[in-house]
Amino acid sequence: MKGFFALAFLFAASHFFCEKKAFPVVGLVTANNEPVEFEIDWDEKWFGRAPSSEYDHDIARISALLASNAYSKVKEAQKSGSIEKNPLRNTYALLGVRDEDIFYDYDIDYENPVFGHDQAAYSFASKTIDSFLGKKTLVFITVRGTTFTFEEWNSNVNIADTKKDYDFHHEGFMKCAVKIMASFEHYLLQKRIDPKDAFLLLSGHSRGASVINLISEQIANNDIFDKSRVYSFPIGCPKVINDIENKVDTKSGKYSFVWNISNEEDLVPSMPPAFKTWNYKRYGNDLVIPCRWNTEKYEEEYVPVFNKNYSKIMGRTLNPFRTGSYLPSQIVREICELCPDTDKFYNMLFKPRKRTEGVMERILYHADEEMGDVTKFGGLPQKIGDLDKETLEKAMFLFIDMHTPEAYLSWMLSFDADRLYKDLESSVIALKGSVSAAVFDGEGNLLLKVDEGKVRMKTRKDPVGAFNTATHTYIGLPATENFTVVLQKESLFPTPVEVGVERYSGTGVFERVVTTEKFKLRNGSSLKFTAGKKSIEIEDGGKIGCEKTEEIDELKRADDLYFSPELNIALDKEVQIGFHMGLRAIYGTFLFTLDDKSEFMEDDVEFSLGIGSMANIFGRIYIDPEIFWNIKAASPTARLALSYQPRKRARFFMAGNFDMDFGDGFSVDPSIQFGIKF
């Protein structure tokens, strides 16, 4: 306890003596704008007051500032001779670094025969500081993230271009790290810096974060630096190693000086995947900033404070997803279903790696010239249709706000560490089978409706996430509150439904299936259970806690008016085309009958008008009783169709068709049809 109070006193004292400096700030999106200034604390005595295995928010803020300013137009400032217009250089200067002690490598030759696209812009700097341990040298490595250039984005997807099969290290990131580390060793020799007696601060965002994460791996595996004096803060860091055999404990004390700072809503830290046969990881500790899924009173208490800083940089307020890790985690699931391993990523039929490269080249080829306007990246509006600028900007802002260094820096400047970082897990409800479902919040408001395995996206409201696969419906729920989930199946016979609860870590990584239960539902019966905060309390193999409930209006058949084309052929080769329109409970039908002699609009062509109704028998099997009136023959026809709907809309059917004739007495002419309803 005495040690704790001593450490607390030490940190309080360091804040009392620290100096506020007005640092310039730019970033990925604001690189072309004039820098804005923020007053941020700076004190050289932060270094050494505690080992780097203890998170230091003051040093982390400076690192985030450097990572954001790494997007400065360094090359342009150097060529024009206006170094004072380089915010990165001005940041180093405010930290006390002389110009002659800064090294930049921003003029990248992507035609380099060794490294090609696998390069990143970076800078080194050094100065003597009056640290907590006395006079020492502080050395900086700052690596820029990906700008809107095809080459570096292409390298981000280079997980194993050389082998085109499994590789432990992400090839594109690793080649960058090797190149920068070799250059850094030369810098240390040139400046005559003794790494054993120096402090090292590693800063980077996105691609730059992945590179410093791998540089941290190299430092951890050698004795060049005293690791207690190495501070590494990868921000928005992708994963860097594919440890499919779980050989490396990336969270061990060996890598305790690495502090990965992520946003649960950010797609980038979730890639490459960590799901099924993919097992990508990054080294070090994970810290997660606030979002709607991990923070109570997020909108009321956190966002307004954040926006004071963010609006100063961006000129607008935050536009978050509000569905936490759901979107990134489910994109990971889909990728892993499509490409089960590295070999498939490179060599399966439609060549995902090659196709991805082609798409990126088309989108990003001219993007660097348009960095100042998010609506013009690589002519993006022309790629996705004629959207008005306001709609396009809003869509783009969702992805910008989850990842840019400006957003990460604003969060870190807005809150101290004890309020900033969250570790709350989340859950996904996996429904297997053609089942209807509804999700309600604590006040009984409908947040989502699923109709027989199909998510009704128009009903979805934040913070619930949902999507379909061929066999499952996945519903994502935060653990900040509880929700009521109601299940129902309007089938004539009991239909089994499987309900699973999946657990996700605070960083949005799939951990395990906590429990799976099977139930049987039929017309008139419903089940409900509590999920969200309750899901996190379920122990492995525990019960979900379903109970019977009365049928509710939100789970009745969707009464949407629908239009469904039909094509069928009978065993006598007679073909019918037409459509159905109406409700599933009762709909109207028009059919146009052809045989091998029919010509459109000739007298021998038959038209039929009818009505029908669709009912579920079991699972995805349906029955449609229908009655038609044949206009030419002036006689009725009855049809009983049995159909199967593999997913979503299309239904394949077999029908018994009964033409009735009342001319000379009564006769029935049966036939068999096979067809599809779209």
# chains A, B, ... in the order shown; residues from 1 in each chain; ligands from 1

$ closest_atom_pairs --of "stretch 42-81 of chain A" --to "stretch 253-262 of chain A" --cutoff "8 Å" --atoms "only C-alpha atoms" --output "tab-separated table"
residue	atom	partner	partner_atom	distance
A:Ser52	CA	A:Phe257	CA	5.0
A:Ser53	CA	A:Phe257	CA	4.6
A:Glu54	CA	A:Phe257	CA	7.6
A:Tyr55	CA	A:Trp259	CA	7.3

$ residues_around --residues "stretch 218-229 of chain A" --least-positions-apart "6" --cutoff "6 Å" --atoms "only C-alpha atoms" --output "list in words"
Pro51, Ser52, Pro195, Lys196 and Phe199 of chain A

$ residues_around --residues "stretch 584-596 of chain A" --least-positions-apart "5" --cutoff "10 Å" --atoms "only C-alpha atoms" --output "MDAnalysis selection string"
chainID A and resid 557:569 572:579 604:615 624 626:630

$ residues_around --residues "stretch 660-673 of chain A" --least-positions-apart "3" --cutoff "7 Å" --atoms "only C-alpha atoms" --output "list of chain:residue names"
A:Asn568, A:Ile569, A:Ala570, A:Leu571, A:Ser635, A:Pro636, A:Thr637, A:Met654, A:Ala655, A:Gly656, A:Asn657

$ closest_residue --among "A:Asp165, A:Gly81, A:Lys179, A:Glu171" --to "A:Tyr122" --atoms "only C-alpha atoms"
A:Lys179

$ residues_around --residues "A:Ser436" --least-positions-apart "3" --cutoff "8 Å" --atoms "only C-alpha atoms" --output "VMD selection string"
chain A and resid 449 to 454 487 to 489 555

$ residues_around --residues "stretch 272-277 of chain A" --least-positions-apart "4" --cutoff "8 Å" --atoms "only C-alpha atoms" --output "PDB file with C-alpha atoms, in the first residue's frame"
ATOM      1  CA  PRO A 238      -3.734  -4.200 -37.403  1.00  0.00           C
ATOM      2  CA  LYS A 239      -2.660  -7.693 -36.444  1.00  0.00           C
ATOM      3  CA  VAL A 240       0.856  -8.679 -37.475  1.00  0.00           C
ATOM      4  CA  ILE A 244      -1.980 -20.745 -36.040  1.00  0.00           C
ATOM      5  CA  LYS A 281      -2.370 -11.425 -33.298  1.00  0.00           C
ATOM      6  CA  VAL A 332     -14.152 -11.113 -40.138  1.00  0.00           C
ATOM      7  CA  ARG A 333     -16.598 -14.035 -39.997  1.00  0.00           C
ATOM      8  CA  ILE A 335     -14.003 -13.270 -44.819  1.00  0.00           C
ATOM      9  CA  CYS A 336     -13.070 -16.479 -43.018  1.00  0.00           C
ATOM     10  CA  PRO A 340     -10.657 -20.488 -44.871  1.00  0.00           C
ATOM     11  CA  ASP A 341      -6.861 -20.126 -45.029  1.00  0.00           C
ATOM     12  CA  VAL A 509     -12.290 -10.665 -31.122  1.00  0.00           C
ATOM     13  CA  PHE A 510     -14.349 -13.861 -31.100  1.00  0.00           C
TER      14      PHE A 510
END

$ select_by_dssp --residues "stretch 44-225 of chain A" --states "strand (DSSP E or B)" --output "ChimeraX atom specification"
/A:102-105,122-131,134-143,169,198-205

$ write_last_selection --atoms "N, CA, C and O atoms" --output "compact mmCIF listing (two decimals), in the first residue's frame"
# COMPACT_ATOMS: atom_id res chain seq x y z
N ILE A 102 17.10 15.30 -36.50
CA ILE A 102 15.92 14.65 -37.06
C ILE A 102 16.28 14.05 -38.41
O ILE A 102 16.94 14.69 -39.24
N PHE A 103 15.88 12.81 -38.62
CA PHE A 103 16.07 12.14 -39.91
C PHE A 103 14.69 11.76 -40.45
O PHE A 103 13.88 11.16 -39.75
N TYR A 104 14.43 12.15 -41.72
CA TYR A 104 13.17 11.81 -42.37
C TYR A 104 13.42 10.87 -43.55
O TYR A 104 14.41 11.03 -44.28
N ASP A 105 12.53 9.93 -43.75
CA ASP A 105 12.51 9.14 -44.99
C ASP A 105 11.07 9.14 -45.50
O ASP A 105 10.29 8.23 -45.23
N TYR A 122 8.80 7.43 -42.46
CA TYR A 122 9.14 7.43 -41.04
C TYR A 122 10.13 8.53 -40.73
O TYR A 122 10.72 9.15 -41.63
N SER A 123 10.32 8.76 -39.43
CA SER A 123 11.32 9.73 -38.99
C SER A 123 11.96 9.23 -37.70
O SER A 123 11.33 8.50 -36.92
N PHE A 124 13.22 9.63 -37.49
CA PHE A 124 13.93 9.41 -36.23
C PHE A 124 14.28 10.77 -35.65
O PHE A 124 14.50 11.74 -36.40
N ALA A 125 14.37 10.84 -34.35
CA ALA A 125 14.82 12.07 -33.69
C ALA A 125 15.42 11.70 -32.35
O ALA A 125 15.15 10.62 -31.81
N SER A 126 16.24 12.60 -31.80
CA SER A 126 16.85 12.32 -30.50
C SER A 126 17.23 13.63 -29.81
O SER A 126 17.43 14.66 -30.47
N LYS A 127 17.29 13.56 -28.49
CA LYS A 127 17.71 14.72 -27.71
C LYS A 127 18.12 14.25 -26.31
O LYS A 127 17.72 13.17 -25.86
N THR A 128 18.89 15.04 -25.63
CA THR A 128 19.24 14.78 -24.24
C THR A 128 18.15 15.34 -23.35
O THR A 128 17.72 16.49 -23.52
N ILE A 129 17.67 14.52 -22.43
CA ILE A 129 16.61 14.96 -21.52
C ILE A 129 17.07 14.84 -20.07
O ILE A 129 17.96 14.06 -19.75
N ASP A 130 16.43 15.62 -19.24
CA ASP A 130 16.65 15.53 -17.79
C ASP A 130 15.58 14.60 -17.24
O ASP A 130 14.57 15.04 -16.69
N SER A 131 15.77 13.31 -17.41
CA SER A 131 14.76 12.32 -17.05
C SER A 131 14.69 12.13 -15.53
O SER A 131 15.48 12.71 -14.78
N GLY A 134 17.93 11.02 -14.37
CA GLY A 134 19.08 11.85 -14.65
C GLY A 134 19.21 12.13 -16.14
O GLY A 134 18.29 11.89 -16.94
N LYS A 135 20.37 12.63 -16.55
CA LYS A 135 20.61 12.96 -17.96
C LYS A 135 20.66 11.69 -18.80
O LYS A 135 21.50 10.81 -18.58
N LYS A 136 19.76 11.61 -19.76
CA LYS A 136 19.70 10.46 -20.67
C LYS A 136 19.36 10.96 -22.07
O LYS A 136 18.95 12.11 -22.27
N THR A 137 19.50 10.07 -23.04
CA THR A 137 19.09 10.38 -24.41
C THR A 137 17.70 9.79 -24.66
O THR A 137 17.45 8.63 -24.34
N LEU A 138 16.81 10.61 -25.20
CA LEU A 138 15.49 10.15 -25.63
C LEU A 138 15.49 10.05 -27.14
O LEU A 138 15.82 11.02 -27.84
N VAL A 139 15.13 8.87 -27.64
CA VAL A 139 15.12 8.62 -29.09
C VAL A 139 13.69 8.35 -29.53
O VAL A 139 12.93 7.67 -28.84
N PHE A 140 13.33 8.92 -30.69
CA PHE A 140 11.98 8.75 -31.23
C PHE A 140 12.02 7.94 -32.53
O PHE A 140 12.89 8.19 -33.38
N ILE A 141 11.10 7.01 -32.68
CA ILE A 141 10.79 6.40 -33.99
C ILE A 141 9.31 6.67 -34.24
O ILE A 141 8.45 6.24 -33.47
N THR A 142 9.02 7.40 -35.30
CA THR A 142 7.64 7.74 -35.65
C THR A 142 7.38 7.28 -37.08
O THR A 142 8.06 7.71 -38.01
N VAL A 143 6.40 6.39 -37.23
CA VAL A 143 6.11 5.80 -38.55
C VAL A 143 4.73 6.27 -39.00
O VAL A 143 3.75 6.15 -38.26
N HIS A 169 4.74 -14.07 -40.18
CA HIS A 169 4.65 -12.62 -40.15
C HIS A 169 3.86 -12.12 -41.35
O HIS A 169 3.97 -12.66 -42.45
N ALA A 198 19.52 4.67 -22.98
CA ALA A 198 18.62 5.63 -23.60
C ALA A 198 17.17 5.22 -23.40
O ALA A 198 16.86 4.05 -23.11
N PHE A 199 16.28 6.18 -23.56
CA PHE A 199 14.85 5.92 -23.62
C PHE A 199 14.43 5.91 -25.10
O PHE A 199 14.99 6.65 -25.92
N LEU A 200 13.41 5.12 -25.42
CA LEU A 200 12.93 5.03 -26.80
C LEU A 200 11.41 5.16 -26.80
O LEU A 200 10.72 4.48 -26.04
N LEU A 201 10.91 6.06 -27.64
CA LEU A 201 9.47 6.25 -27.80
C LEU A 201 9.07 5.89 -29.23
O LEU A 201 9.52 6.53 -30.18
N LEU A 202 8.22 4.86 -29.36
CA LEU A 202 7.76 4.37 -30.66
C LEU A 202 6.32 4.84 -30.87
O LEU A 202 5.45 4.59 -30.03
N SER A 203 6.09 5.50 -32.01
CA SER A 203 4.76 6.06 -32.29
C SER A 203 4.33 5.71 -33.71
O SER A 203 5.13 5.75 -34.65
N GLY A 204 3.05 5.36 -33.86
CA GLY A 204 2.53 5.06 -35.19
C GLY A 204 1.05 4.78 -35.14
O GLY A 204 0.53 4.29 -34.12
N HIS A 205 0.38 5.08 -36.22
CA HIS A 205 -1.06 4.85 -36.34
C HIS A 205 -1.32 3.97 -37.56
O HIS A 205 -0.67 4.11 -38.59

$ select_by_dssp --residues "stretch 72-311 of chain A" --states "helix (DSSP H, G or I)" --output "VMD selection string"
chain A and resid 74 to 80 83 to 85 87 to 94 99 to 101 150 to 156 171 to 191 195 to 197 207 to 220 227 to 229 253 to 255 268 to 270 298 to 311

$ atom_distance --atom1 "atom CA of A:Tyr280" --atom2 "atom CA of A:Ile241"
5.2 Å
